[in-house]
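*Asks:* Sharing a structure with you now.
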Amino acid sequence: MFVEHLPDDRGQAHTLEAFTAALLLVTGLIFATQATAVTPLSASTSNQHVENQAAIAAQDVLSTSEASGDLKSALLYYDDGFVGAENRYYTGLPNATHPLHDPLREAFDVRRIAFDVDVYYPAADGNGIDRTRLIDMGTPSDNAATASTQVALYGDDRFGAADEYTLAENGSRRYFAAPVGGGDTLYTVAEVRITAWQM
Amino acid sequence: MADVSVSLDREDADAARDEDRAQIILITGLTLAVLFVAVVLLLNTVIYTENLATRGVDAGGAEAIEFREGAVDDLAGILHREHRNSTDDVFANFNASARRYGRTVADLRARDGAVGEVRVDNSTVVTGYFIAQNETDSGFRDMTAPDGTTTNWTVAGNATRTRNYRLTVDPGSLSSSAGTAFTVVADGSTGGTNETWSVALSNPTDDNLTVTVDNGTTVSETFTPRPDGNHTVDLTGGTVNGERFDALVWAEGVQTGSDRFDLRYENGDAARGTYHLVVDERDDGANPGRPSRPYVIDAIYSVDVEITYRTPELEYADVVRLAPGERDA
């Protein structure tokens, strides 16, 4: 028995083949990890489930506070800027006496979710819609969720820090929204919009 | 020759070995190809599933329902205020306010790319009367007749339906015994179902209120006051200070929707407070046009409201009968 050593000129080809195979495997792995990173459910602040949950929480806050009357009280807590706000609107969670303090704290603040609350209403000149900020925590991310609801304001609704004014008498001078005109019963209809996003 | 044959053999063996390797390389190549296709399909499925899992299937039906509920609530608010504030034509004022409301919400909805229409159908108005006693600058008044002295009197005679009936009373003004207490009676004994239903309000201790309902059998329950010290009884809603009282079913057995009954107050001097209600008919008691105690005005008992909500994905239309605060509402 003897081991026959054949003339071998394939070493270079084998090495090349091995490198190609290794490269192929590594490329495959990179491709796979990259592919999973872009799915909507990857753990991140832009996760679709986070967005859905924020949207539902915002809608629930609006529905419950509208039913209890807190939402309307919050809109009427206005005397040349929302009462207790430093700069006409709140830049964070309103203080504990504010009607929306508890629902907003429970739904967003304790979960570290940022939110803006804006109020839209017909403009004074009758053309288009104006906006007033109620709470502004900054610019929402691309993955922010929104929810909105309508609140009718009547001429006999009282506003101010201690409900000292009525909309029909003092609204056009002291309240942020102008009356829609033609009678004192309906003052205006405002749309409240919550924009919530994961910080 | 032997050398040649040997070299031939060797070449044969090499050729055979190369053939084997070609097959293996082919199989490996195919396997890898299949594997990659499988991985791609798998990843694609994962991405697709995740997309489906987070996609809402709703075409916006919830928004349409919410729009309807909001419009009905807001119009009910407008209607109640027109009844309270109008001195002249309630119908024209309500129509004007409802039209303005419809225009305003349509503008707001248009911003979201939806068409929202609210239209009051005037041909469906069921007329009635709004009867109310308000609070004066000097406080509550007692529940006596327009003349200010008669204690047992008819508020509305020959009514068939009542809605949005609320009473607010000061517990300090109430009688302590149920026998002489202020009582609201729905009396169907003349031309109606021949039944009588009543509710008596008395003040047993402290600032509490005892509500005694007599619908053949007597049921009573005691309630603590609201933060401002008064009590509000929603007779058609069946609540006291917002708390449900199961026995309080307005005019049970008396109001059937077609049978007539008289709405009377007894011992009106034994309570001070406010009340308001809407009845569909009346031909006795305080006359319309009275300015106060009670204030009576022609009113809208019920009216149909047509609500349309359209988005590119959804078209929703409904006709809602607006009669806020009916017994079974």
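Here's how to read the names in the structure tokens: chain A, B, ... by the order shown, residue numbers from 1 in each chain, ligand numbers from 1 in the order shown.
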For chain B, work out the contacting residues on chain A at 9 Å, counting only C-alpha atoms, and write them as a ChimeraX atom specification.
*Replies:* /A:28,32,35-36,38-41,48-49,52,120-122,128-129,149-154,156,180-186,188-191
*Asks:* Next, write the just-selected residues to a file, as a tab-separated table (two decimals), in the first residue's frame, keeping N, CA, C and O atoms as the atom set.
*Replies:*
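Wrote out-v4.tsv, looks like this:
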chain	number	residue	atom	x	y	z
A	28	GLY	N	-25.52	36.45	3.53
A	28	GLY	CA	-26.84	35.90	3.86
A	28	GLY	C	-27.29	36.32	5.24
A	28	GLY	O	-28.43	36.76	5.45
A	32	ALA	N	-30.40	38.72	6.26
A	32	ALA	CA	-31.48	38.26	7.14
A	32	ALA	C	-31.72	39.25	8.27
A	32	ALA	O	-32.86	39.63	8.56
A	35	ALA	N	-33.30	42.42	7.06
A	35	ALA	CA	-34.69	42.22	6.66
A	35	ALA	C	-35.60	42.27	7.87
A	35	ALA	O	-36.67	42.86	7.83
A	36	THR	N	-35.21	41.68	9.00
A	36	THR	CA	-36.09	41.67	10.18
A	36	THR	C	-36.15	43.03	10.83
A	36	THR	O	-37.14	43.38	11.45
A	38	VAL	N	-36.61	45.96	9.67
A	38	VAL	CA	-37.50	46.97	9.12
A	38	VAL	C	-38.98	46.60	9.26
A	38	VAL	O	-39.82	47.31	8.76
A	39	THR	N	-39.31	45.52	9.91
A	39	THR	CA	-40.73	45.17	10.02
A	39	THR	C	-41.43	46.14	10.97
A	39	THR	O	-40.82	46.69	11.86
A	40	PRO	N	-42.73	46.33	10.80
A	40	PRO	CA	-43.44	47.30	11.63
A	40	PRO	C	-43.52	46.90	13.10
A	40	PRO	O	-43.83	47.74	13.94
A	41	LEU	N	-43.27	45.66	13.41
A	41	LEU	CA	-43.41	45.23	14.80
A	41	LEU	C	-42.09	45.14	15.54
A	41	LEU	O	-42.05	44.70	16.67
A	48	GLN	N	-45.78	49.81	15.44
A	48	GLN	CA	-47.17	50.04	15.05
A	48	GLN	C	-48.13	49.83	16.22
A	48	GLN	O	-49.13	50.54	16.36
A	49	HIS	N	-47.82	48.85	17.08
A	49	HIS	CA	-48.70	48.59	18.22
A	49	HIS	C	-48.69	49.77	19.20
A	49	HIS	O	-49.72	50.12	19.77
A	52	ASN	N	-50.94	52.31	17.68
A	52	ASN	CA	-52.35	51.94	17.83
A	52	ASN	C	-52.84	52.17	19.25
A	52	ASN	O	-53.93	52.67	19.47
A	120	TYR	N	-59.64	73.29	17.46
A	120	TYR	CA	-59.96	73.88	16.16
A	120	TYR	C	-61.38	74.41	16.19
A	120	TYR	O	-62.26	73.79	16.77
A	121	TYR	N	-61.60	75.55	15.56
A	121	TYR	CA	-62.93	76.16	15.57
A	121	TYR	C	-63.02	77.09	14.37
A	121	TYR	O	-62.01	77.52	13.82
A	122	PRO	N	-64.25	77.43	13.94
A	122	PRO	CA	-64.41	78.32	12.79
A	122	PRO	C	-63.76	79.68	13.05
A	122	PRO	O	-63.90	80.24	14.14
A	128	GLY	N	-62.51	79.44	6.83
A	128	GLY	CA	-61.55	78.46	7.32
A	128	GLY	C	-61.63	78.22	8.81
A	128	GLY	O	-62.55	78.66	9.49
A	129	ILE	N	-60.62	77.50	9.29
A	129	ILE	CA	-60.61	77.01	10.66
A	129	ILE	C	-59.39	77.58	11.37
A	129	ILE	O	-58.31	77.63	10.79
A	149	THR	N	-62.54	64.92	18.76
A	149	THR	CA	-63.97	64.89	19.03
A	149	THR	C	-64.51	66.32	18.99
A	149	THR	O	-63.74	67.27	19.09
A	150	GLN	N	-65.82	66.45	18.82
A	150	GLN	CA	-66.44	67.77	18.72
A	150	GLN	C	-67.15	68.13	20.01
A	150	GLN	O	-67.77	67.29	20.64
A	151	VAL	N	-67.05	69.40	20.37
A	151	VAL	CA	-67.73	69.90	21.56
A	151	VAL	C	-68.51	71.14	21.16
A	151	VAL	O	-67.94	72.07	20.60
A	152	ALA	N	-69.81	71.15	21.45
A	152	ALA	CA	-70.62	72.33	21.16
A	152	ALA	C	-70.54	73.27	22.35
A	152	ALA	O	-70.65	72.85	23.50
A	153	LEU	N	-70.32	74.55	22.08
A	153	LEU	CA	-70.30	75.56	23.14
A	153	LEU	C	-71.54	76.43	22.95
A	153	LEU	O	-71.81	76.91	21.84
A	154	TYR	N	-72.29	76.64	24.03
A	154	TYR	CA	-73.53	77.41	23.95
A	154	TYR	C	-73.33	78.80	24.54
A	154	TYR	O	-72.41	79.02	25.34
A	156	ASP	N	-74.89	80.34	26.79
A	156	ASP	CA	-75.02	80.50	28.24
A	156	ASP	C	-73.94	79.74	29.01
A	156	ASP	O	-73.98	79.67	30.23
A	180	VAL	N	-70.22	82.02	16.13
A	180	VAL	CA	-70.59	81.76	14.74
A	180	VAL	C	-71.68	82.72	14.28
A	180	VAL	O	-71.98	82.80	13.10
A	181	GLY	N	-72.23	83.46	15.23
A	181	GLY	CA	-73.16	84.53	14.87
A	181	GLY	C	-74.60	84.08	14.75
A	181	GLY	O	-74.91	82.89	14.82
A	182	GLY	N	-75.48	85.06	14.60
A	182	GLY	CA	-76.89	84.77	14.39
A	182	GLY	C	-77.58	84.12	15.56
A	182	GLY	O	-78.03	82.99	15.46
A	183	GLY	N	-77.64	84.79	16.67
A	183	GLY	CA	-78.34	84.22	17.83
A	183	GLY	C	-77.37	83.78	18.90
A	183	GLY	O	-76.22	83.48	18.63
A	184	ASP	N	-77.87	83.74	20.12
A	184	ASP	CA	-77.00	83.47	21.26
A	184	ASP	C	-77.01	82.02	21.70
A	184	ASP	O	-76.24	81.63	22.57
A	185	THR	N	-77.89	81.20	21.12
A	185	THR	CA	-78.02	79.84	21.65
A	185	THR	C	-76.75	79.04	21.41
A	185	THR	O	-76.14	78.52	22.33
A	186	LEU	N	-76.36	78.94	20.13
A	186	LEU	CA	-75.15	78.21	19.80
A	186	LEU	C	-74.01	79.21	19.66
A	186	LEU	O	-74.09	80.13	18.86
A	188	THR	N	-70.36	78.30	19.36
A	188	THR	CA	-69.57	77.73	18.28
A	188	THR	C	-69.42	76.23	18.55
A	188	THR	O	-69.87	75.73	19.57
A	189	VAL	N	-68.83	75.54	17.59
A	189	VAL	CA	-68.52	74.13	17.78
A	189	VAL	C	-67.01	73.98	17.65
A	189	VAL	O	-66.43	74.43	16.66
A	190	ALA	N	-66.39	73.40	18.64
A	190	ALA	CA	-64.93	73.25	18.64
A	190	ALA	C	-64.58	71.78	18.48
A	190	ALA	O	-65.31	70.90	18.93
A	191	GLU	N	-63.46	71.56	17.80
A	191	GLU	CA	-62.96	70.20	17.68
A	191	GLU	C	-61.69	70.09	18.51
A	191	GLU	O	-60.77	70.89	18.34
*Asks:* Using DSSP on the backbone coordinates, identify the residues of stretch 8-166 of chain A assigned to strand (DSSP E); present them as a ChimeraX atom specification.
*Replies:* /A:113-122,129-135,145-154,158-159,165-166
*Asks:* Using only C-alpha atoms, which residues sit within 10 Å of B:Asp207 once same-chain residues fewer than 6 positions away are excluded, as an MDAnalysis selection string?
*Replies:* chainID B and resid 170:172 174 223:226 229:231
*Asks:* Those selected residues, please, written with C-alpha atoms and delivered as a tab-separated table (two decimals), in the first residue's frame.
*Replies:*
chain	number	residue	atom	x	y	z
B	170	ASP	CA	-84.02	72.44	48.68
B	171	PRO	CA	-84.24	69.75	51.42
B	172	GLY	CA	-84.81	72.40	54.11
B	174	LEU	CA	-89.54	69.77	52.50
B	223	PHE	CA	-80.57	59.93	49.24
B	224	THR	CA	-77.80	62.24	50.43
B	225	PRO	CA	-77.63	65.73	48.84
B	226	ARG	CA	-75.40	66.97	46.03
B	229	GLY	CA	-76.92	70.95	49.26
B	230	ASN	CA	-79.89	70.54	46.90
B	231	HIS	CA	-81.42	67.43	45.41
*Asks:* List the spatial neighbours of B:Ser175 as an MDAnalysis selection string - criterion: any atom at most 7 Å away, only C-alpha atoms, same-chain residues fewer than 5 positions off excluded.
*Replies:* chainID B and resid 180:181 202:203 270
*Asks:* Using only C-alpha atoms, determine which residues lie at most 10 Å from B:Glu315, disregarding the query and same-chain residues fewer than 5 positions distant; provide the list as a list in words.
*Replies:*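 My reading of the contact set: Ala59, Gly60, Gly61, Ala64, Ala114, Val115, Thr308, Tyr309 and Arg310 of chain B.
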*Asks:* So how many Å separate atom CA of B:Thr144 and atom CA of B:Gly268, to one decimal?
*Replies:*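 Interatomic distance here is 4.5 Å.
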